[in-house]
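Colleague: Encoded as C-alpha cells, here's the structure I'll be asking about.
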Amino acid sequence: MPVTLDCAKMTTREINTSLRKLAAEGETEIHLINPEARHNLGVALFYPVKVVVEGTAGYYCGGMNDGATFHILGNTGWSVGECMMSGEIVVEKNSASSTGASIRGGTVVVKGHAGARTGIAQKGGLIVIGGDTGYMTGFMMQRGTMIICGNAAEGLGDSMYAGTIYLGGEANQLGNDAVIKEMSNEDWRFLEETLARYGLSGRRPLSEFKKIGSGGRLHNFSKADFELWRVAM
C-alpha cells in the first residue's frame with residue numbers, strides 16, 4: 001500500500017526529510033496530498049521510489065533527482081527536474097519556465113505546454129513536451145534529446161552544441177546555428193515508440209515532425225575566421 005504524506009500539515013523540510021527516510025526504509029510508493037503548489041518538493045531523492053504529487057507543485061519539484069519516479073497530477077512551476085541525473089518525471093498538465101534545465105540523464109515529460117527556456121543547457125537525458133514550448137527552448141543544448149509535439153517560440157535550439165530536437169509543429173524562429181536535418185528510419189522508430197509510451201501518439205501526425213540539430217558554426221573556428229575577426233576588431 002502507498003504511504004501518504006499530507007503536505008498541509010508539514011513544512012517543506014519535513015516533507016523532504018520524510019520522503020528520504022521512507023525511501024531509505026524500503027517504501028516504493030509515496031503520495032503527497034494537498035501539495036498546494038509548494039516549492040522544492042522531492043528535491044535530491046537518490047532512491048528508486050515513486051512519488052505521486054496529487055495536485056500542483058511549485059518551483060524545482062524533483063530537482064537533482066537521481067533514480068526516483070515522479071508523477072505530478074497537476075501543473076508544476078519553474079525548473080521541474082532541474083539538474084536531474086536519472087529517473088523519470090511525468091507532469092500531467094503544464095510546466096513553467098526552465099523545465100528540465102541542465103538535466104544530465106533521466107526523462108522529463110510534460111503532457112501539456114511548457115514555458116520559456118525548456119531544456120536550457122541540457123547535458124543528456126530526454127525531455128518530451130506534449131504541447132507548445134516557450135522562447136529559447138534548447139538554448140546551449142550540449143547533449144540529449146528533446147521532443148516537442150506542438151509549436152516552439154523564438155530561439156529554438158539557439159547556440160546548441162550537440163543533441164537533437166524533434167519538433168512536430170512550427171518554430172516561430174530557429175535560434176542561432178540551429179538547422180533542420182534529415183530524419184532517419186531510427187529517428188522515426190524512436191519517435192513512434194517514445195510518444196506511444198507516454199500516451200502522446202495522437203498529438204501530432206508522425207510525418208510532421210522535423211529534426212533539428214547544431215550547424216556546428218558557432219564552436220568550430222578556423223584560422224581564416226580568426227583573421228577576419230582580428231581585422232574587424
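Note on naming: chains are A, B, ... as they come in the C-alpha cells, residues start from 1 per chain, ligands start from 1 in the order shown.
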Could you pull out all residues of segment 76-188 of chain A with a DSSP call of strand (DSSP E) and give them as a PyMOL selection string?
Modeller: chain A and resi 86-91+107-110+123-129+143-148+152-156+164-167+171-174+178-181
Colleague: Skip segment 92-107 of chain A itself and residues of its chain fewer than 2 positions away, then list as a PyMOL selection string all residues within 8 Å of it, counting only C-alpha atoms.
Modeller: chain A and resi 71-90+109-128+134+144
Colleague: Find the distance between atom CA of Phe139 of chain A and atom CA of Leu45 of chain A and write it in Å to one decimal.
Modeller: 26.6 Å
Colleague: Segment 189-205 of chain A: which residues within 10 Å, counting only C-alpha atoms, same-chain residues fewer than 3 positions away excluded, as an MDAnalysis selection string?
Modeller: chainID A and resid 90 109:111 126 128:131 147:150 166:169 184:186 208:209
Colleague: Would you pick out the contacts of Asp158 of chain A at 7 Å or less, using only C-alpha atoms, so that residues sharing its chain but fewer than 5 positions from it are not included, and give the list as number ranges by chain?
Modeller: A: 136, 138-140, 174-178
Colleague: Would you write out those residues with C-alpha atoms, as a short mmCIF file (atom, residue, chain, number, x, y, z; two decimals), in the first residue's frame?
Modeller:
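Full text of result.cif as output:
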data_model
loop_
_atom_site.label_atom_id
_atom_site.label_comp_id
_atom_site.auth_asym_id
_atom_site.auth_seq_id
_atom_site.Cartn_x
_atom_site.Cartn_y
_atom_site.Cartn_z
CA MET A 136 14.85 29.94 -26.12
CA GLY A 138 17.05 24.14 -26.05
CA PHE A 139 19.39 27.12 -25.58
CA MET A 140 23.01 25.92 -25.37
CA LEU A 174 15.11 28.85 -35.15
CA GLY A 175 17.94 30.04 -32.92
CA ASN A 176 21.49 30.85 -33.99
CA ASP A 177 23.13 27.89 -35.76
CA ALA A 178 20.10 25.59 -35.33
#
Colleague: What is the atom CA of His39 of chain A-atom CA of Glu154 of chain A distance in Å, reported with one decimal?
Modeller: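 Spanning atom CA of His39 of chain A to atom CA of Glu154 of chain A is a straight-line distance of 28.3 Å.
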Colleague: Taking only C-alpha atoms into account, which of A:Gly42, A:Pro2, A:Gly215, A:Gly55 comes nearest Ile30 of chain A?
Modeller: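 Of A:Gly42, A:Pro2, A:Gly215, A:Gly55, the one nearest Ile30 of chain A, counting only C-alpha atoms, is A:Pro2.
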Colleague: Return the single residue from A:Gln142, A:Thr56, A:Asn172, A:Thr137 that is closest to Leu156 of chain A, with distances computed using only C-alpha atoms.
Modeller: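 The answer is A:Thr137, which sits nearest to Leu156 of chain A.
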Colleague: Please extract the residues of segment 5-206 of chain A with a backbone DSSP assignment of alpha helix (DSSP H) and present them as an mmCIF file with N, CA and C atoms, in the first residue's frame.
Modeller:
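Contents of the output file states-v8.cif:
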data_model
loop_
_atom_site.group_PDB
_atom_site.id
_atom_site.type_symbol
_atom_site.label_atom_id
_atom_site.label_comp_id
_atom_site.auth_asym_id
_atom_site.auth_seq_id
_atom_site.Cartn_x
_atom_site.Cartn_y
_atom_site.Cartn_z
ATOM 1 N N THR A 12 8.069 22.155 4.286
ATOM 2 C CA THR A 12 8.753 21.553 3.137
ATOM 3 C C THR A 12 9.927 20.698 3.601
ATOM 4 N N ARG A 13 10.668 21.173 4.582
ATOM 5 C CA ARG A 13 11.789 20.389 5.108
ATOM 6 C C ARG A 13 11.300 19.063 5.685
ATOM 7 N N GLU A 14 10.196 19.107 6.408
ATOM 8 C CA GLU A 14 9.656 17.876 6.985
ATOM 9 C C GLU A 14 9.202 16.903 5.896
ATOM 10 N N ILE A 15 8.603 17.445 4.827
ATOM 11 C CA ILE A 15 8.159 16.590 3.724
ATOM 12 C C ILE A 15 9.351 15.887 3.078
ATOM 13 N N ASN A 16 10.385 16.652 2.761
ATOM 14 C CA ASN A 16 11.542 16.075 2.081
ATOM 15 C C ASN A 16 12.324 15.124 2.983
ATOM 16 N N THR A 17 12.418 15.445 4.251
ATOM 17 C CA THR A 17 13.089 14.544 5.201
ATOM 18 C C THR A 17 12.326 13.222 5.302
ATOM 19 N N SER A 18 11.001 13.320 5.333
ATOM 20 C CA SER A 18 10.171 12.121 5.422
ATOM 21 C C SER A 18 10.281 11.275 4.156
ATOM 22 N N LEU A 19 10.322 11.934 2.994
ATOM 23 C CA LEU A 19 10.472 11.205 1.733
ATOM 24 C C LEU A 19 11.763 10.392 1.723
ATOM 25 N N ARG A 20 12.859 11.025 2.125
ATOM 26 C CA ARG A 20 14.147 10.318 2.128
ATOM 27 C C ARG A 20 14.154 9.174 3.128
ATOM 28 N N LYS A 21 13.584 9.418 4.291
ATOM 29 C CA LYS A 21 13.566 8.392 5.341
ATOM 30 C C LYS A 21 12.732 7.182 4.897
ATOM 31 N N LEU A 22 11.539 7.456 4.360
ATOM 32 C CA LEU A 22 10.662 6.368 3.922
ATOM 33 C C LEU A 22 11.277 5.586 2.759
ATOM 34 N N ALA A 23 11.897 6.292 1.826
ATOM 35 C CA ALA A 23 12.533 5.624 0.692
ATOM 36 C C ALA A 23 13.710 4.769 1.152
ATOM 37 N N ALA A 24 14.484 5.277 2.110
ATOM 38 C CA ALA A 24 15.627 4.522 2.638
ATOM 39 C C ALA A 24 15.172 3.265 3.381
ATOM 40 N N ASN A 185 15.447 6.341 -40.457
ATOM 41 C CA ASN A 185 14.485 5.331 -40.004
ATOM 42 C C ASN A 185 14.556 5.153 -38.495
ATOM 43 N N GLU A 186 15.752 5.253 -37.949
ATOM 44 C CA GLU A 186 15.927 5.144 -36.499
ATOM 45 C C GLU A 186 15.230 6.288 -35.778
ATOM 46 N N ASP A 187 15.301 7.489 -36.356
ATOM 47 C CA ASP A 187 14.597 8.648 -35.768
ATOM 48 C C ASP A 187 13.093 8.400 -35.719
ATOM 49 N N TRP A 188 12.517 7.917 -36.829
ATOM 50 C CA TRP A 188 11.075 7.670 -36.879
ATOM 51 C C TRP A 188 10.662 6.615 -35.858
ATOM 52 N N ARG A 189 11.458 5.552 -35.738
ATOM 53 C CA ARG A 189 11.150 4.495 -34.766
ATOM 54 C C ARG A 189 11.207 5.027 -33.341
ATOM 55 N N PHE A 190 12.236 5.797 -33.044
ATOM 56 C CA PHE A 190 12.383 6.364 -31.706
ATOM 57 C C PHE A 190 11.192 7.249 -31.356
ATOM 58 N N LEU A 191 10.794 8.114 -32.275
ATOM 59 C CA LEU A 191 9.653 8.996 -32.035
ATOM 60 C C LEU A 191 8.374 8.199 -31.786
ATOM 61 N N GLU A 192 8.112 7.252 -32.647
ATOM 62 C CA GLU A 192 6.885 6.455 -32.534
ATOM 63 C C GLU A 192 6.825 5.726 -31.197
ATOM 64 N N GLU A 193 7.918 5.087 -30.804
ATOM 65 C CA GLU A 193 7.949 4.316 -29.558
ATOM 66 C C GLU A 193 7.841 5.218 -28.334
ATOM 67 N N THR A 194 8.539 6.345 -28.354
ATOM 68 C CA THR A 194 8.537 7.244 -27.194
ATOM 69 C C THR A 194 7.180 7.896 -26.997
ATOM 70 N N LEU A 195 6.581 8.402 -28.062
ATOM 71 C CA LEU A 195 5.272 9.046 -27.948
ATOM 72 C C LEU A 195 4.202 8.046 -27.512
ATOM 73 N N ALA A 196 4.276 6.826 -27.996
ATOM 74 C CA ALA A 196 3.316 5.792 -27.590
ATOM 75 C C ALA A 196 3.482 5.464 -26.109
ATOM 76 N N ARG A 197 4.718 5.422 -25.641
ATOM 77 C CA ARG A 197 4.990 5.076 -24.239
ATOM 78 C C ARG A 197 4.326 6.052 -23.282
#
